[in-house]
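With mmCIF, C-alpha atoms inside, this is my_file-v1.cif:
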data_target
loop_
_atom_site.label_atom_id
_atom_site.label_comp_id
_atom_site.auth_asym_id
_atom_site.auth_seq_id
_atom_site.Cartn_x
_atom_site.Cartn_y
_atom_site.Cartn_z
CA MET L 1 106.02 15.34 -13.90
CA SER L 2 102.27 15.02 -14.59
CA ARG L 3 100.25 18.01 -15.70
CA SER L 4 98.49 18.28 -12.32
CA GLY L 5 101.82 17.90 -10.53
CA ARG L 6 103.29 20.67 -12.66
CA PHE L 7 100.36 22.93 -11.79
CA ALA L 8 100.69 22.07 -8.11
CA ALA L 9 104.39 22.93 -8.24
CA TRP L 10 103.38 26.47 -9.25
CA TRP L 11 101.02 26.89 -6.31
CA PRO L 12 102.65 27.93 -3.03
CA GLY L 13 102.55 25.05 -0.60
CA GLY L 14 100.69 22.88 -3.10
CA ALA L 15 103.52 20.47 -3.79
CA THR L 16 105.65 21.11 -0.73
CA ASP L 17 105.89 18.97 2.35
CA PRO L 18 105.23 21.38 5.26
CA GLU L 19 108.10 19.84 7.19
CA GLU L 20 110.55 20.15 4.31
CA GLY L 21 113.05 22.92 3.76
CA HIS L 22 114.19 25.85 5.83
CA GLU L 23 113.89 29.62 5.78
CA PRO L 24 116.36 30.86 3.15
CA ASP L 25 118.67 33.83 3.59
CA PRO L 26 116.38 36.91 3.49
CA ARG L 27 118.64 38.49 0.87
CA PHE L 28 117.85 35.65 -1.52
CA THR L 29 114.13 35.94 -0.78
CA PHE L 30 114.25 39.68 -1.46
CA ALA L 31 116.28 39.15 -4.63
CA ASN L 32 113.68 36.66 -5.85
CA GLU L 33 110.92 39.16 -5.06
CA ARG L 34 112.74 41.95 -6.92
CA THR L 35 113.20 39.72 -9.95
CA PHE L 36 109.48 39.01 -9.96
CA LEU L 37 108.73 42.73 -9.67
CA ALA L 38 111.13 43.52 -12.53
CA TRP L 39 109.30 41.04 -14.76
CA SER L 40 106.00 42.54 -13.61
CA ARG L 41 107.15 45.98 -14.73
CA THR L 42 108.22 44.48 -18.05
CA ALA L 43 104.73 43.02 -18.40
CA LEU L 44 103.15 46.40 -17.63
CA ALA L 45 105.46 48.12 -20.14
CA LEU L 46 104.34 45.64 -22.82
CA VAL L 47 100.69 46.40 -22.04
CA VAL L 48 101.37 50.16 -22.27
CA ALA L 49 103.20 49.67 -25.58
CA GLY L 50 100.40 47.54 -27.00
CA LEU L 51 97.74 50.01 -25.95
CA GLY L 52 99.77 52.90 -27.33
CA ILE L 53 100.18 51.20 -30.70
CA VAL L 54 96.46 50.46 -31.03
CA GLN L 55 95.20 53.79 -29.75
CA LEU L 56 97.78 56.39 -30.75
CA LEU L 57 99.54 55.31 -33.96
CA PRO L 58 98.08 56.48 -37.28
CA PRO L 59 96.50 53.64 -39.29
CA PHE L 60 98.71 51.77 -41.74
CA PRO L 61 97.46 52.51 -45.29
CA GLY L 62 96.21 49.32 -46.88
CA VAL L 63 96.40 47.31 -43.64
CA PRO L 64 93.26 48.17 -41.66
CA ILE L 65 94.02 45.74 -38.84
CA GLY L 66 97.72 46.58 -38.77
CA ARG L 67 97.68 48.39 -35.43
CA HIS L 68 95.69 45.61 -33.74
CA LEU L 69 98.00 43.02 -35.30
CA LEU L 70 100.92 44.70 -33.54
CA GLY L 71 99.31 45.90 -30.32
CA VAL L 72 97.06 43.06 -29.19
CA PRO L 73 99.82 40.39 -29.03
CA LEU L 74 101.89 42.74 -26.85
CA ILE L 75 99.02 43.15 -24.39
CA VAL L 76 98.42 39.40 -24.32
CA LEU L 77 102.15 38.82 -23.82
CA GLY L 78 102.01 41.20 -20.84
CA ALA L 79 99.36 39.04 -19.17
CA VAL L 80 101.23 35.82 -20.00
CA LEU L 81 104.50 37.24 -18.68
CA ALA L 82 102.88 38.19 -15.37
CA ILE L 83 101.52 34.66 -14.89
CA VAL L 84 104.80 32.98 -15.87
CA ALA L 85 106.72 35.37 -13.59
CA TYR L 86 104.55 34.23 -10.70
CA GLY L 87 105.30 30.59 -11.51
CA GLU L 88 109.01 31.36 -11.65
CA TRP L 89 108.86 33.11 -8.29
CA VAL L 90 107.18 30.07 -6.72
CA ARG L 91 109.69 27.64 -8.25
CA ASN L 92 112.68 29.75 -7.22
CA GLN L 93 111.38 30.22 -3.69
CA ARG L 94 110.78 26.50 -3.35
CA ALA L 95 114.29 25.73 -4.62
CA LEU L 96 115.74 28.24 -2.15
CA ARG L 97 113.87 26.61 0.72
CA ARG L 98 115.04 23.15 -0.26
CA GLY L 99 118.59 24.22 -1.00
CA ASP L 100 118.23 22.95 -4.57
CA PRO L 101 119.89 24.59 -7.58
CA LEU L 102 117.70 27.34 -9.03
CA PRO L 103 115.60 26.11 -11.96
CA ARG L 104 116.34 27.48 -15.41
CA SER L 105 114.13 30.42 -16.33
CA VAL L 106 111.95 30.29 -19.43
CA MET L 107 111.09 33.99 -19.25
CA PRO L 108 113.96 35.32 -21.40
CA TRP L 109 113.15 32.69 -24.03
CA ILE L 110 109.45 33.67 -24.09
CA LEU L 111 110.25 37.38 -24.25
CA GLY L 112 112.98 36.97 -26.88
CA ALA L 113 110.89 34.73 -29.12
CA THR L 114 107.88 37.03 -28.91
CA ILE L 115 109.88 40.18 -29.60
CA ALA L 116 111.49 38.49 -32.60
CA GLY L 117 108.06 37.42 -33.81
CA MET L 118 106.71 40.94 -33.34
CA ALA L 119 109.65 42.38 -35.27
CA ILE L 120 108.86 40.07 -38.19
CA ILE L 121 105.14 40.95 -38.08
CA SER L 122 106.02 44.67 -37.91
CA ALA L 123 108.29 44.36 -40.95
CA ILE L 124 105.56 42.52 -42.90
CA VAL L 125 102.89 45.10 -41.97
CA LEU L 126 105.18 47.98 -42.95
CA LEU L 127 106.15 46.34 -46.25
CA VAL L 128 102.55 45.54 -47.19
CA SER L 129 101.52 49.06 -46.20
CA ALA L 130 104.32 50.60 -48.29
CA LEU L 131 103.53 48.47 -51.36
CA ARG L 132 99.81 49.35 -51.45
CA MET R 133 153.44 49.62 3.03
CA THR R 134 150.36 47.90 4.36
CA ASP R 135 150.53 45.17 6.87
CA PRO R 136 149.69 41.91 5.09
CA GLU R 137 147.94 40.61 8.18
CA ALA R 138 145.65 43.61 8.24
CA THR R 139 144.31 42.92 4.75
CA ASP R 140 144.37 39.14 4.73
CA PRO R 141 141.03 37.92 6.12
CA ASP R 142 142.45 34.50 6.91
CA ALA R 143 145.18 35.99 9.08
CA SER R 144 142.84 38.10 11.22
CA ASP R 145 141.21 37.09 14.47
CA PRO R 146 138.43 34.55 13.65
CA GLU R 147 136.06 36.10 16.19
CA GLN R 148 136.51 39.60 14.77
CA SER R 149 136.13 38.21 11.25
CA GLU R 150 132.86 36.52 12.21
CA THR R 151 131.52 39.75 13.74
CA ALA R 152 132.49 41.73 10.65
CA ALA R 153 130.84 39.15 8.40
CA SER R 154 127.70 39.27 10.51
CA GLN R 155 127.61 43.09 10.35
CA THR R 156 128.08 42.98 6.59
CA ALA R 157 125.30 40.45 6.23
CA GLU R 158 122.97 42.58 8.37
CA GLY R 159 123.86 45.65 6.33
CA ASP R 160 123.22 43.82 3.09
CA ALA R 161 119.92 42.51 4.39
CA GLY R 162 118.87 46.06 5.22
CA LEU R 163 119.79 47.31 1.77
CA ALA R 164 118.04 44.35 0.21
CA LEU R 165 114.89 45.35 2.04
CA GLU R 166 115.27 48.93 0.87
CA ARG R 167 115.96 47.88 -2.72
CA THR R 168 112.90 45.62 -2.64
CA SER R 169 110.79 48.43 -1.23
CA LEU R 170 111.97 50.75 -4.00
CA SER R 171 111.19 48.04 -6.51
CA TRP R 172 107.61 47.93 -5.25
CA THR R 173 107.45 51.71 -5.62
CA ARG R 174 108.68 51.50 -9.22
CA THR R 175 106.03 48.86 -9.91
CA ALA R 176 103.37 51.18 -8.48
CA ILE R 177 104.65 53.96 -10.76
CA SER R 178 104.41 51.58 -13.74
CA PHE R 179 100.78 50.94 -12.85
CA ALA R 180 100.25 54.71 -12.70
CA ALA R 181 101.79 55.13 -16.16
CA LEU R 182 99.49 52.46 -17.56
CA GLY R 183 96.54 54.07 -15.79
CA GLY R 184 97.43 57.39 -17.41
CA VAL R 185 97.51 55.86 -20.89
CA VAL R 186 94.20 54.06 -20.35
CA LEU R 187 92.65 57.18 -18.81
CA LYS R 188 93.25 59.02 -22.07
CA GLU R 189 91.04 56.53 -23.89
CA ASN R 190 88.53 55.39 -21.30
CA VAL R 191 88.03 57.38 -18.10
CA ILE R 192 86.34 54.70 -16.01
CA THR R 193 88.83 51.96 -16.93
CA GLY R 194 91.69 54.39 -16.38
CA LEU R 195 90.39 55.24 -12.92
CA ILE R 196 90.11 51.52 -12.12
CA VAL R 197 93.77 51.01 -13.10
CA LEU R 198 94.81 54.10 -11.14
CA ALA R 199 92.96 52.76 -8.10
CA VAL R 200 95.37 49.81 -8.11
CA VAL R 201 98.35 52.16 -7.60
CA PRO R 202 97.91 52.86 -3.85
CA LEU R 203 97.18 49.16 -3.35
CA VAL R 204 100.47 48.17 -4.98
CA TRP R 205 102.35 50.84 -3.05
CA ARG R 206 100.76 49.58 0.18
CA LEU R 207 101.63 45.97 -0.64
CA GLY R 208 105.29 46.89 -0.62
CA ARG R 209 105.04 48.20 2.93
CA PRO R 210 103.84 45.41 5.27
CA PRO R 211 106.34 43.96 7.73
CA ARG R 212 107.93 40.79 6.51
CA SER R 213 106.86 37.75 8.48
CA GLY R 214 108.82 34.54 8.67
CA SER R 215 107.62 31.64 6.61
CA PRO R 216 106.69 28.28 8.04
CA PRO R 217 109.15 25.46 7.39
CA GLY R 218 108.67 24.04 3.92
CA GLY R 219 106.20 26.72 2.88
CA LEU R 220 106.56 29.97 1.04
CA PRO R 221 106.55 33.24 2.98
CA THR R 222 102.86 33.59 3.82
CA VAL R 223 102.60 37.36 3.44
CA GLY R 224 104.99 37.47 0.49
CA GLY R 225 103.12 34.76 -1.38
CA ARG R 226 99.82 36.56 -1.00
CA ARG R 227 101.30 39.86 -2.13
CA ILE R 228 102.92 38.29 -5.17
CA ARG R 229 99.63 36.58 -6.08
CA LEU R 230 97.76 39.87 -5.73
CA ILE R 231 100.20 41.65 -8.03
CA THR R 232 99.91 38.87 -10.60
CA VAL R 233 96.11 38.99 -10.50
CA SER R 234 96.21 42.79 -10.77
CA ILE R 235 98.46 42.73 -13.84
CA VAL R 236 96.37 40.06 -15.56
CA GLY R 237 93.18 42.01 -14.77
CA VAL R 238 94.67 45.28 -15.99
CA SER R 239 95.91 43.53 -19.15
CA LEU R 240 92.42 42.21 -19.86
CA LEU R 241 90.92 45.67 -19.31
CA SER R 242 93.55 47.15 -21.64
CA LEU R 243 92.74 44.49 -24.20
CA LEU R 244 89.07 45.44 -24.07
CA VAL R 245 89.94 49.12 -24.43
CA ALA R 246 92.28 48.34 -27.33
CA VAL R 247 89.81 46.16 -29.21
CA LEU R 248 86.49 47.82 -28.40
CA GLY R 249 87.45 51.35 -27.42
CA PRO R 250 87.42 54.25 -29.85
CA SER R 251 90.90 54.83 -31.18
CA VAL R 252 92.43 58.24 -31.82
CA PRO R 253 94.41 57.63 -34.99
CA GLY R 254 97.41 59.85 -35.30
CA ALA R 255 97.11 61.17 -31.78
CA LEU R 256 100.90 61.18 -31.56
CA HIS R 257 101.03 63.79 -34.33
CA ARG R 258 98.70 66.20 -32.56
#
Would you mind writing the file's structure down as structure tokens?
Amino acid sequence: MSRSGRFAAWWPGGATDPEEGHEPDPRFTFANERTFLAWSRTALALVVAGLGIVQLLPPFPGVPIGRHLLGVPLIVLGAVLAIVAYGEWVRNQRALRRGDPLPRSVMPWILGATIAGMAIISAIVLLVSALR
Amino acid sequence: MTDPEATDPDASDPEQSETAASQTAEGDAGLALERTSLSWTRTAISFAALGGVVLKENVITGLIVLAVVPLVWRLGRPPRSGSPPGGLPTVGGRRIRLITVSIVGVSLLSLLVAVLGPSVPGALHR
């Protein structure tokens, strides 16, 4: 799929023939909506965590930017997660309308990889702070 | 001893079975609506929690985030409308887009507060 086609696939109605598909079972539509909302709350929780780290934690001795190093990526990840969750909602809803199998979600991969990365950065910041 | 015919769905009257299935589906649809509504409420509460954290650091930004809370709560309330064939649910799509834009906006505001705002080091210890 081309880049513009991929973008259009994320936009409701952008890559869908108006005559194609049918109204899915409302329970599936609601379930898709709840999944999106759950990811949205995860995104908000990441923003709260990032803000809390930057604003409330005591500074790491010897690592002046330590709190920002840990907090800012979490806030950015919150924004990214919200956007990707929207794309997932659109793709799932489109698949439901067409009766296609649900596409594989990339959200757990993004979240898992970022949390692992944050854990490594946290360990490095703590070690550097402890050694100085 | 239970009557095997009473518990075996295949052995029961097809018409009764269809009615029961329809009632179950309607019941599930109702609960799905309620669960979704509660999910919207939880999302609004999450916005409120974020607003509270931001409010501690920057009053104006915190009030902006808190102003989103009634909007989110209201978004979870409108009656569901059917979607046109081939399209996404019109109302649902707009609501989902609004939530996404709100979260991205709030994240950017939080980023500004985190980077530019005055920090309170060690506030957790006080």
Non-local contacts of Leu195 of chain R (10 Å; only C-alpha atoms; under 3 positions in same chain excluded) as a list in words
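Once the nearby chain positions are removed, what remains is Ala180, Gly183, Gly184, Val186, Leu187, Asn190, Val191, Ile192, Leu198, Ala199 and Val200 of chain R.
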Emit the selected residues as a PDB file, keeping the file's coordinate frame, including C-alpha atoms.
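To be explicit, this is the file written out as part-v2.pdb:
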ATOM      1  CA  ALA R 180     100.250  54.710 -12.700  1.00  0.00           C
ATOM      2  CA  GLY R 183      96.540  54.070 -15.790  1.00  0.00           C
ATOM      3  CA  GLY R 184      97.430  57.390 -17.410  1.00  0.00           C
ATOM      4  CA  VAL R 186      94.200  54.060 -20.350  1.00  0.00           C
ATOM      5  CA  LEU R 187      92.650  57.180 -18.810  1.00  0.00           C
ATOM      6  CA  ASN R 190      88.530  55.390 -21.300  1.00  0.00           C
ATOM      7  CA  VAL R 191      88.030  57.380 -18.100  1.00  0.00           C
ATOM      8  CA  ILE R 192      86.340  54.700 -16.010  1.00  0.00           C
ATOM      9  CA  LEU R 198      94.810  54.100 -11.140  1.00  0.00           C
ATOM     10  CA  ALA R 199      92.960  52.760  -8.100  1.00  0.00           C
ATOM     11  CA  VAL R 200      95.370  49.810  -8.110  1.00  0.00           C
TER      12      VAL R 200
END
Mind telling me what the PyMOL selection byres ((chain L and resi 121) around 12) catches here, as number ranges by chain?
L: 66-71, 73-74, 114-120, 122-128
What would the file look like if the residues just selected were written as a PDB file, in the frame of the given file with C-alpha atoms?
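Contents of part.pdb, freshly written:
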ATOM      1  CA  GLY L  66      97.720  46.580 -38.770  1.00  0.00           C
ATOM      2  CA  ARG L  67      97.680  48.390 -35.430  1.00  0.00           C
ATOM      3  CA  HIS L  68      95.690  45.610 -33.740  1.00  0.00           C
ATOM      4  CA  LEU L  69      98.000  43.020 -35.300  1.00  0.00           C
ATOM      5  CA  LEU L  70     100.920  44.700 -33.540  1.00  0.00           C
ATOM      6  CA  GLY L  71      99.310  45.900 -30.320  1.00  0.00           C
ATOM      7  CA  PRO L  73      99.820  40.390 -29.030  1.00  0.00           C
ATOM      8  CA  LEU L  74     101.890  42.740 -26.850  1.00  0.00           C
ATOM      9  CA  THR L 114     107.880  37.030 -28.910  1.00  0.00           C
ATOM     10  CA  ILE L 115     109.880  40.180 -29.600  1.00  0.00           C
ATOM     11  CA  ALA L 116     111.490  38.490 -32.600  1.00  0.00           C
ATOM     12  CA  GLY L 117     108.060  37.420 -33.810  1.00  0.00           C
ATOM     13  CA  MET L 118     106.710  40.940 -33.340  1.00  0.00           C
ATOM     14  CA  ALA L 119     109.650  42.380 -35.270  1.00  0.00           C
ATOM     15  CA  ILE L 120     108.860  40.070 -38.190  1.00  0.00           C
ATOM     16  CA  SER L 122     106.020  44.670 -37.910  1.00  0.00           C
ATOM     17  CA  ALA L 123     108.290  44.360 -40.950  1.00  0.00           C
ATOM     18  CA  ILE L 124     105.560  42.520 -42.900  1.00  0.00           C
ATOM     19  CA  VAL L 125     102.890  45.100 -41.970  1.00  0.00           C
ATOM     20  CA  LEU L 126     105.180  47.980 -42.950  1.00  0.00           C
ATOM     21  CA  LEU L 127     106.150  46.340 -46.250  1.00  0.00           C
ATOM     22  CA  VAL L 128     102.550  45.540 -47.190  1.00  0.00           C
TER      23      VAL L 128
END
Quick one: everything within 9 Å of Leu240 of chain R, counting all atoms listed in the file, minus sequence neighbours fewer than 3 positions away in the same chain. Send it as a ChimeraX atom specification.
/L:75-76,79 /R:235-237,243-245
Could you jot down the atom CA of Leu165 of chain R to atom CA of Arg27 of chain L separation for me, Å, one decimal place?
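About the pair atom CA of Leu165 of chain R and atom CA of Arg27 of chain L: they are 7.9 Å apart.
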Using all atoms listed in the file, determine which residues lie at most 9 Å from Arg209 of chain R, disregarding the query and same-chain residues fewer than 3 positions distant; provide the list as a PDB file with C-alpha atoms, keeping the file's coordinate frame.
ATOM      1  CA  SER R 169     110.790  48.430  -1.230  1.00  0.00           C
ATOM      2  CA  TRP R 172     107.610  47.930  -5.250  1.00  0.00           C
ATOM      3  CA  TRP R 205     102.350  50.840  -3.050  1.00  0.00           C
ATOM      4  CA  ARG R 206     100.760  49.580   0.180  1.00  0.00           C
ATOM      5  CA  ARG R 212     107.930  40.790   6.510  1.00  0.00           C
TER       6      ARG R 212
END
